[in-house]
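Structure, as structure tokens:
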Amino acid sequence: MDPLTLAGLGLVFLSIILSTLMDGNSFGPLIGPSSLVLVLFGALGGALAGFRMPDALSLPKGFIKAITGSPPEPDAVVTQLMGFAESARREGILALEEGIKTVEDEFLKAGLQMVVDGVEGDVVREVMETEIESMQARHANMIMIFGKLAEYAPAMGMLGTVIGLINMLGNLADPSALGKGMALSLLTTLYGVFFANIFFAPMGAKLAKLSKMEVAARELTLEGILAVREGASPRLLVEKLEARLPPDLRVGAKVRMGQAA
Amino acid sequence: MDPLTLAGLGLVFLSIILSTLMDGNSFGPLIGPSSLVLVLFGALGGALAGFRMPDALSLPKGFIKAITGSPPEPDAVVTQLMGFAESARREGILALEEGIKTVEDEFLKAGLQMVVDGVEGDVVREVMETEIESMQARHANMIMIFGKLAEYAPAMGMLGTVIGLINMLGNLADPSALGKGMALSLLTTLYGVFFANIFFAPMGAKLAKLSKMEVAARELTLEGILAVREGASPRLLVEKLEARLPPDLRVGAKVRMGQAA
Amino acid sequence: MDPLTLAGLGLVFLSIILSTLMDGNSFGPLIGPSSLVLVLFGALGGALAGFRMPDALSLPKGFIKAITGSPPEPDAVVTQLMGFAESARREGILALEEGIKTVEDEFLKAGLQMVVDGVEGDVVREVMETEIESMQARHANMIMIFGKLAEYAPAMGMLGTVIGLINMLGNLADPSALGKGMALSLLTTLYGVFFANIFFAPMGAKLAKLSKMEVAARELTLEGILAVREGASPRLLVEKLEARLPPDLRVGAKVRMGQAA
Amino acid sequence: MDPLTLAGLGLVFLSIILSTLMDGNSFGPLIGPSSLVLVLFGALGGALAGFRMPDALSLPKGFIKAITGSPPEPDAVVTQLMGFAESARREGILALEEGIKTVEDEFLKAGLQMVVDGVEGDVVREVMETEIESMQARHANMIMIFGKLAEYAPAMGMLGTVIGLINMLGNLADPSALGKGMALSLLTTLYGVFFANIFFAPMGAKLAKLSKMEVAARELTLEGILAVREGASPRLLVEKLEARLPPDLRVGAKVRMGQAA
Amino acid sequence: MDPLTLAGLGLVFLSIILSTLMDGNSFGPLIGPSSLVLVLFGALGGALAGFRMPDALSLPKGFIKAITGSPPEPDAVVTQLMGFAESARREGILALEEGIKTVEDEFLKAGLQMVVDGVEGDVVREVMETEIESMQARHANMIMIFGKLAEYAPAMGMLGTVIGLINMLGNLADPSALGKGMALSLLTTLYGVFFANIFFAPMGAKLAKLSKMEVAARELTLEGILAVREGASPRLLVEKLEARLPPDLRVGAKVRMGQAA
């Protein structure tokens with residue numbers, strides 16, 4: 001689990017609290033259950049109205065993944081694939097059968113199984129690419145829900161403020177109530193901006209980031225499996241796959257041989 | 001019918017009512033027939049001015065579909081296509097003729113008919129892809145109308161507010177009317193934000209979502225028909241098509257055989 | 001001519017008038033020749049500054065087309081092309097020469113002429129696609145002018161309002177003039193929002209819609225001409241081309257034979 | 001030189017002056033050297049901070065081009081290329097050498113020279129397309145600077161207004177200064193909106209327009225050169241190239257023969 | 001190091017200071033540590049919440065690169081590659097081995113090494129393109145962080161202003177504190193606009209610019225290496241590569257021979 005998402009959200013909270021204290025402002029007037037109700041449930045209702053029930057049910061999972069989700073480790077996959085490339089060259093494709101059983105990554109496992117089963121390279125690529133695309137589409141769907149939440153929260157905030165202002169303007173007789181009425185109206189705007197920028201938008205961004213990394217890792221896996229199938233030398237396979245890693249992870253085939261041993 | 005769209009819209013309504021009550025605000029000043037007229041008919045007029053008569057006439061259909069529309073079930077199609085793949089391998093392509101008659105999905109039916117008629121694979125793909133694209137274009141057109149409605153509603157709201165403000169500013173003599181005039185002006189803004197965010201935008205989003213699912217289902221159907229035509233084994237066909245389904249629907253060829261039996 | 005554009009604009013006007021009357025507001029303060037001058041000519045100047053003289057001169061034509069323009073009827077073209085496909089199969093490509101003379105659609109005529117002249121299929125496609133693209137570019141240019149007008153009108157409106165406010169704020173001595181000064185200032189904002197949303201944006205949208213339909217009709221024509229050239233059967237040609245039509249226009253080759261007869 | 005850019009900017013100026021006079025507003029309060037300094041230099045600084053020194057140095061050239069730049073005349077190039085196609089067919093490719101010397105357009109000249117030098121068609125296309133792309137990238141860079149200027153000008157305007165408001169709010173003791181302070185604050189907003197919409201945005205749009213036309217002209221030239229190289233008949237060459245011209249410039253090969261003679 | 005980024009930022013500062021002085025405004029009310037805390041740390045927290053720890057750690061490096069980073073010099077690479085093309089033609093590919101040792105550019109070195117090692121052209125292209133793409137993805141990630149910072153800074157500014165306004169409106173009893181409270185509230189808006197437009201946005205733009213230039217330089221390098229591998233003549237190689245340079249750097253093969261000697 002990468003701690004940055006929680007740390008980032010914590011930093012925002014801290015900076016709001018700190019700056020409010022520095023200005024001598026109090027937190028009392030910032031608490032408004034009615035604004036919370038309107039912004040949170042209103043945004044949720046508006047956002048979900050554009051989706052389907054299974055999407056709504058998987059929202060908590062997306063929420064947790066945005067906070068605690070870790071991207072895959074493509075580095076380890078390169079070493080694993082190098083090992084398969086070596087066995088395939090030395091003992092033939094069928095010899096991979098044994099090794100596949102120990103593979104944990106479902107995507108890598110299914111791909112190698114197809115290779116061992118003698119499925120054509122084009123078909124392997126097609127099936128695996130389709131799976132990557134459909135995973136990406138599922139991710140994009142969840143990311144879009146968070147995007148809609150970030151879009152509807154300030155809109156609900158504005159709605160609440162306008163409702164409050166209209167009520168206040170109809171009761172101008174009591175000037176002492178004016179300030180409080182307007183403060184209360186503005187509170188919904190505050191909550192709308194707050195939830196959009198502190199929760200929904202960064203979480204959507206985090207999910208988008210994780211999705212991109214997961215897709216990249218699977219594309220690397222796919223290229224590796226096809227290279228194994230075509231009998232590429234372990235050295236060339238590592239060279240090809242490491243071009244997809246950040247420079248500091250490109251240790252070369254020799255170092256990986258040592259690691260694997 | 002998926003209940004989420006209605007439930008979502010209901011949740012928004014509820015949260016507005018609840019938060020208004022919690023603040024001790026009244027609903028009276030929020031009712032404004034003139035604002036309703038300006039925002040609804042103004043947005044409708046502005047949006048439709050960019051379209052053609054048949055688009056306007058199909059708007060109610062789009063409205064109903066956004067509320068009650070269900071996406072196709074690609075899962076059942078996979079099992080169906082697996083059955084056709086099996087018959088085609090055992091008894092030849094022509095043997096499909098009988099089974100086609102029982103197919104309800106018009107798109108699948110027309111595609112299989114072309115295969116039985118011996119139309120070339122490239123032509124089958126071209127005709128069916130063209131049909132998918134033209135369906136997608138029809139959907140995009142309807143989605144765009146809802147997008148325009150969501151765009152024009154707040155613009156009309158702002159227009160009404162500015163008209164109200166200008167009238168109010170010309171009559172500053174009576175200060176007691178000031179607050180009411182401004183409240184009335186703001187009401188159009190409220191209605192504009194309300195209709196854009198509570199109705200038009202989520203409905204457009206729902207239609208976009210349904211369109212994407214329908215396109216995906218038809219692409220799956222197309223790939224399946226072509227696989228049947230090329231004499232793919234039922235097992236490979238299921239593997240190829242299930243890569244397009246969400247993971248929990250990937251039950252494999254054996255389970256599907258059992259279901260079909 | 002499709003009446004929807006005019007009807008839509010009329011509906012907007014009507015809803016503005018109706019809602020103004022319902023609120024007991026008067027139209028007097030909404031009339032401001034200076035605001036009209038600033039918004040209309042300012043937007044025109046700003047928009048045209050980014051274009052060239054021939055674009056400016058064709059603006060009235062674009063304006064009229066947005067109001068009265070009708071899309072082409074691809075349905076009739078399908079029947080026409082089916083007829084040519086039949087003659088070509090029965091009597092050979094050269095026999096089309098006679099029929100071409102009666103064709104009114106310039107694009108269809110030029111394409112068939114190339115086929116009769118024995119131009120290669122690839123060249124026919126290239127020349128016709130280039131022509132479609134350059135038509136599309138001309139349309140996009142005109143649509144962009146309307147887009148710029150819709151963009152500059154509110155900017156000019158804001159400019160005028162700020163100019164008015166600055167003048168008003170410099171003369172706060174006379175409070176009775178305050179309201180009128182501010183009302184006058186806001187008028188430019190009103191005109192900017194009005195022209196952008198009631199005229200320029202819907203007209204741009206209408207032109208974009210017409211352009212898309214014209215491109216689709218020409219692509220259908222192009223595919224049909226190439227099918228005639230390759231000696232496709234009338235039945236297959238109709239099947240291919242009807243996939244590009246909305247479902248209710250797909251009557252099939254037999255019905256079209258009857259129509260043509 | 002196309003006079004529309006200057007005329008458009010003049011029209012905007014005129015409409016601002018006219019509407020200000022019609023409202024009885026004065027120009028005195030609209031003059032603010034401090035606002036001019038902040039908006040112009042602030043926008044320049046912010047925009048250029050994202051670019052490199054050579055980009056900054058070529059900005060005046062871009063400014064002049066936006067005002068006085070003319071697009072190329074692809075019409076004349078078609079006739080020229082038709083001539084080369086004829087010579088090439090009659091006397092062979094090498095006979096073009098003499099004619100090339102009189103060509104003024106550097107791009108056409110270099111392309112024909114490669115053809116005479118016997119460079120492969122694919123290489124000619126690659127070299128010329130690379131050059132078009134790198135020209136387009138240079139244009140896009142300059143257009144982006146104007147885009148950034150149009151983006152930073154209103155931001156600087158808002159910055160200045162907020163700075164002014166903060167100072168004014170700290171000195172509420174003297175009410176007579178209130179109006180003037182606020183007017184002065186608003187002036188920066190005015191200048192920001194003015195420069196963005198009257199200068200930077202239309203100039204960027206004009207450069208984008210010129211770039212598109214220059215790219216189209218060069219693509220036409222490239223296709224023509226390749227057709228000459230492949231020994232296309234003058235008639236077919238004219239037909240192919242004229243499909244890229246607006247309809248009223250499509251005069252056909254015969255008319256061009258007459259012009260060239 | 002290109003001085004424009006620092007100079008641009010300096011110009012913005014200068015124009016703010018100058019215009020504030022010209023208006024007789026003071027800087028005292030513009031200093032607000034609480035606003036600085038909220039905008040800077042709030043934006044940092046919100047932006048980083050969407051990324052991962054390694055991204056956060058590389059932020060200072062991105063910051064420095066935006067200020068001092070220089071683009072690569074593709075001009076020198078052309079001359080270098082011309083030299084390699086000549087040796088390869090005269091003495092064979094293997095003769096490059098010696099020259100490679102002196103190459104400093106890691107990307108060029110690795111590419112030439114693959115050529116000397118006899119790796120297939122397609123594989124060389126694939127490996128090098130993958131590396132360019134993964135470099136581009138790393139750049140895009142850093143650019144996105146700056147984009148998010150520029151997005152969150154004004155949002156945090158608005159948040160702070162609303163918090164301040166709500167507190168102020170709750171204490172309307174003391175009118176003398178009104179102005180100061182509002183001035184303090186607006187300060188956060190000022191800081192948000194300031195940091196977004198003066199720091200984060202231009203730095204992101206600068207990084208995007210550098211990335212584009214680096215990608216272009218590497219693509220030129222890649223094309224050059226492949227041309228060397230295919231035994232292109234030094235003259236053709238220079239012609240091909242110079243088409244990617246700005247016109248004033250296209251000196252031709254002869255001049256480069258002189259430079260290299």
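By order in the structure tokens, chains are A, B, ...; within a chain, residues start at 1; ligands start at 1, following the order shown.
Excluding segment 71-77 of chain B and any residue on its chain fewer than 3 positions from it, the residues at most 7 Å away by only C-alpha atoms are Gln80, Leu81, Leu210, Met213, Glu214 and Ala217 of chain B.
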Distance query Gly8 of chain D at most 12 Å, only C-alpha atoms, self and fewer than 2 positions along chain excluded, as a PyMOL selection string
(chain C and resi 41-53+56) or (chain D and resi 2-6+10-15+67+197-199+202-203+206)
For C-alpha atoms, I'd like the residues from the last selection saved as a PDB file, in the first residue's frame.
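Resulting contents of result-v6.pdb:
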ATOM      1  CA  PHE C  41     -20.432  44.216 -33.931  1.00  0.00           C
ATOM      2  CA  GLY C  42     -17.834  43.482 -31.269  1.00  0.00           C
ATOM      3  CA  ALA C  43     -18.407  39.743 -31.554  1.00  0.00           C
ATOM      4  CA  LEU C  44     -18.420  39.960 -35.346  1.00  0.00           C
ATOM      5  CA  GLY C  45     -15.156  41.912 -35.382  1.00  0.00           C
ATOM      6  CA  GLY C  46     -13.418  39.646 -32.895  1.00  0.00           C
ATOM      7  CA  ALA C  47     -14.572  36.462 -34.614  1.00  0.00           C
ATOM      8  CA  LEU C  48     -13.727  37.577 -38.141  1.00  0.00           C
ATOM      9  CA  ALA C  49     -10.295  38.883 -37.159  1.00  0.00           C
ATOM     10  CA  GLY C  50      -9.208  35.256 -37.007  1.00  0.00           C
ATOM     11  CA  PHE C  51     -10.408  34.473 -40.533  1.00  0.00           C
ATOM     12  CA  ARG C  52      -9.933  35.600 -44.109  1.00  0.00           C
ATOM     13  CA  MET C  53     -12.014  37.768 -46.422  1.00  0.00           C
ATOM     14  CA  ALA C  56     -16.397  36.774 -44.060  1.00  0.00           C
TER      15      ALA C  56
ATOM     16  CA  ASP D   2      -5.774  39.989 -46.340  1.00  0.00           C
ATOM     17  CA  PRO D   3      -7.315  43.087 -44.696  1.00  0.00           C
ATOM     18  CA  LEU D   4      -9.833  41.198 -42.554  1.00  0.00           C
ATOM     19  CA  THR D   5      -7.759  40.880 -39.376  1.00  0.00           C
ATOM     20  CA  LEU D   6      -7.138  44.616 -39.143  1.00  0.00           C
ATOM     21  CA  GLY D  10     -11.007  47.956 -35.968  1.00  0.00           C
ATOM     22  CA  LEU D  11     -14.677  46.952 -35.846  1.00  0.00           C
ATOM     23  CA  VAL D  12     -14.302  45.822 -32.235  1.00  0.00           C
ATOM     24  CA  PHE D  13     -12.656  49.123 -31.278  1.00  0.00           C
ATOM     25  CA  LEU D  14     -15.306  51.089 -33.072  1.00  0.00           C
ATOM     26  CA  SER D  15     -18.168  49.226 -31.456  1.00  0.00           C
ATOM     27  CA  ILE D  67      -1.784  40.848 -39.091  1.00  0.00           C
ATOM     28  CA  ASN D 197     -10.454  38.810 -26.678  1.00  0.00           C
ATOM     29  CA  ILE D 198      -9.410  41.670 -28.945  1.00  0.00           C
ATOM     30  CA  PHE D 199      -5.771  40.839 -29.563  1.00  0.00           C
ATOM     31  CA  PRO D 202      -8.075  36.430 -32.703  1.00  0.00           C
ATOM     32  CA  MET D 203      -4.375  36.545 -33.610  1.00  0.00           C
ATOM     33  CA  LYS D 206      -5.594  33.759 -37.550  1.00  0.00           C
TER      34      LYS D 206
END
Distance query Thr79 of chain E at most 12 Å, only C-alpha atoms, self and fewer than 2 positions along chain excluded, as a ChimeraX atom specification
/E:73-77,81-86,220-221,224,234-235,237-239,241-242,249-261
Hey, can you spit out that residue selection with C-alpha atoms as a PDB file, in the first residue's frame?
ATOM      1  CA  GLU E  73      20.833  19.495 -29.430  1.00  0.00           C
ATOM      2  CA  PRO E  74      19.607  17.396 -32.363  1.00  0.00           C
ATOM      3  CA  ASP E  75      21.856  19.400 -34.692  1.00  0.00           C
ATOM      4  CA  ALA E  76      25.053  17.843 -33.365  1.00  0.00           C
ATOM      5  CA  VAL E  77      23.497  14.375 -33.519  1.00  0.00           C
ATOM      6  CA  LEU E  81      25.225  10.112 -37.370  1.00  0.00           C
ATOM      7  CA  MET E  82      26.555  11.273 -40.751  1.00  0.00           C
ATOM      8  CA  GLY E  83      30.012  10.236 -39.554  1.00  0.00           C
ATOM      9  CA  PHE E  84      28.744   6.811 -38.548  1.00  0.00           C
ATOM     10  CA  ALA E  85      26.954   6.404 -41.889  1.00  0.00           C
ATOM     11  CA  GLU E  86      30.221   7.112 -43.685  1.00  0.00           C
ATOM     12  CA  LEU E 220      15.536  11.846 -35.115  1.00  0.00           C
ATOM     13  CA  THR E 221      18.233   9.721 -33.473  1.00  0.00           C
ATOM     14  CA  GLY E 224      19.343   8.104 -38.128  1.00  0.00           C
ATOM     15  CA  PRO E 234      25.691  10.168 -45.719  1.00  0.00           C
ATOM     16  CA  ARG E 235      24.096  12.678 -48.094  1.00  0.00           C
ATOM     17  CA  LEU E 237      20.839  10.563 -44.253  1.00  0.00           C
ATOM     18  CA  VAL E 238      21.529  14.265 -43.767  1.00  0.00           C
ATOM     19  CA  GLU E 239      18.669  15.168 -46.126  1.00  0.00           C
ATOM     20  CA  LEU E 241      17.277  14.083 -40.774  1.00  0.00           C
ATOM     21  CA  GLU E 242      17.553  17.781 -41.603  1.00  0.00           C
ATOM     22  CA  LEU E 249      19.878  24.563 -39.104  1.00  0.00           C
ATOM     23  CA  ARG E 250      19.650  22.767 -42.463  1.00  0.00           C
ATOM     24  CA  VAL E 251      23.202  23.309 -43.670  1.00  0.00           C
ATOM     25  CA  GLY E 252      23.468  20.232 -45.835  1.00  0.00           C
ATOM     26  CA  ALA E 253      25.889  17.309 -45.924  1.00  0.00           C
ATOM     27  CA  LYS E 254      28.839  19.240 -47.385  1.00  0.00           C
ATOM     28  CA  VAL E 255      28.955  21.843 -44.631  1.00  0.00           C
ATOM     29  CA  ARG E 256      28.642  19.080 -42.046  1.00  0.00           C
ATOM     30  CA  MET E 257      31.552  17.187 -43.637  1.00  0.00           C
ATOM     31  CA  GLY E 258      33.624  20.350 -43.123  1.00  0.00           C
ATOM     32  CA  GLN E 259      32.464  20.638 -39.507  1.00  0.00           C
ATOM     33  CA  ALA E 260      33.231  17.012 -38.782  1.00  0.00           C
ATOM     34  CA  ALA E 261      36.716  17.216 -40.316  1.00  0.00           C
TER      35      ALA E 261
END
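Residues in contact range of segment 127-136 of chain E, defined as at most 6 Å between only C-alpha atoms, with sequence neighbours fewer than 6 positions away removed, read Lys240, Ala243 and Arg244 of chain A.
Remark: for Lys109 of chain D, the closest of the candidate residues D:Leu186, D:Leu222, D:Val39, D:Leu245 is D:Leu222 (distances computed over only C-alpha atoms).
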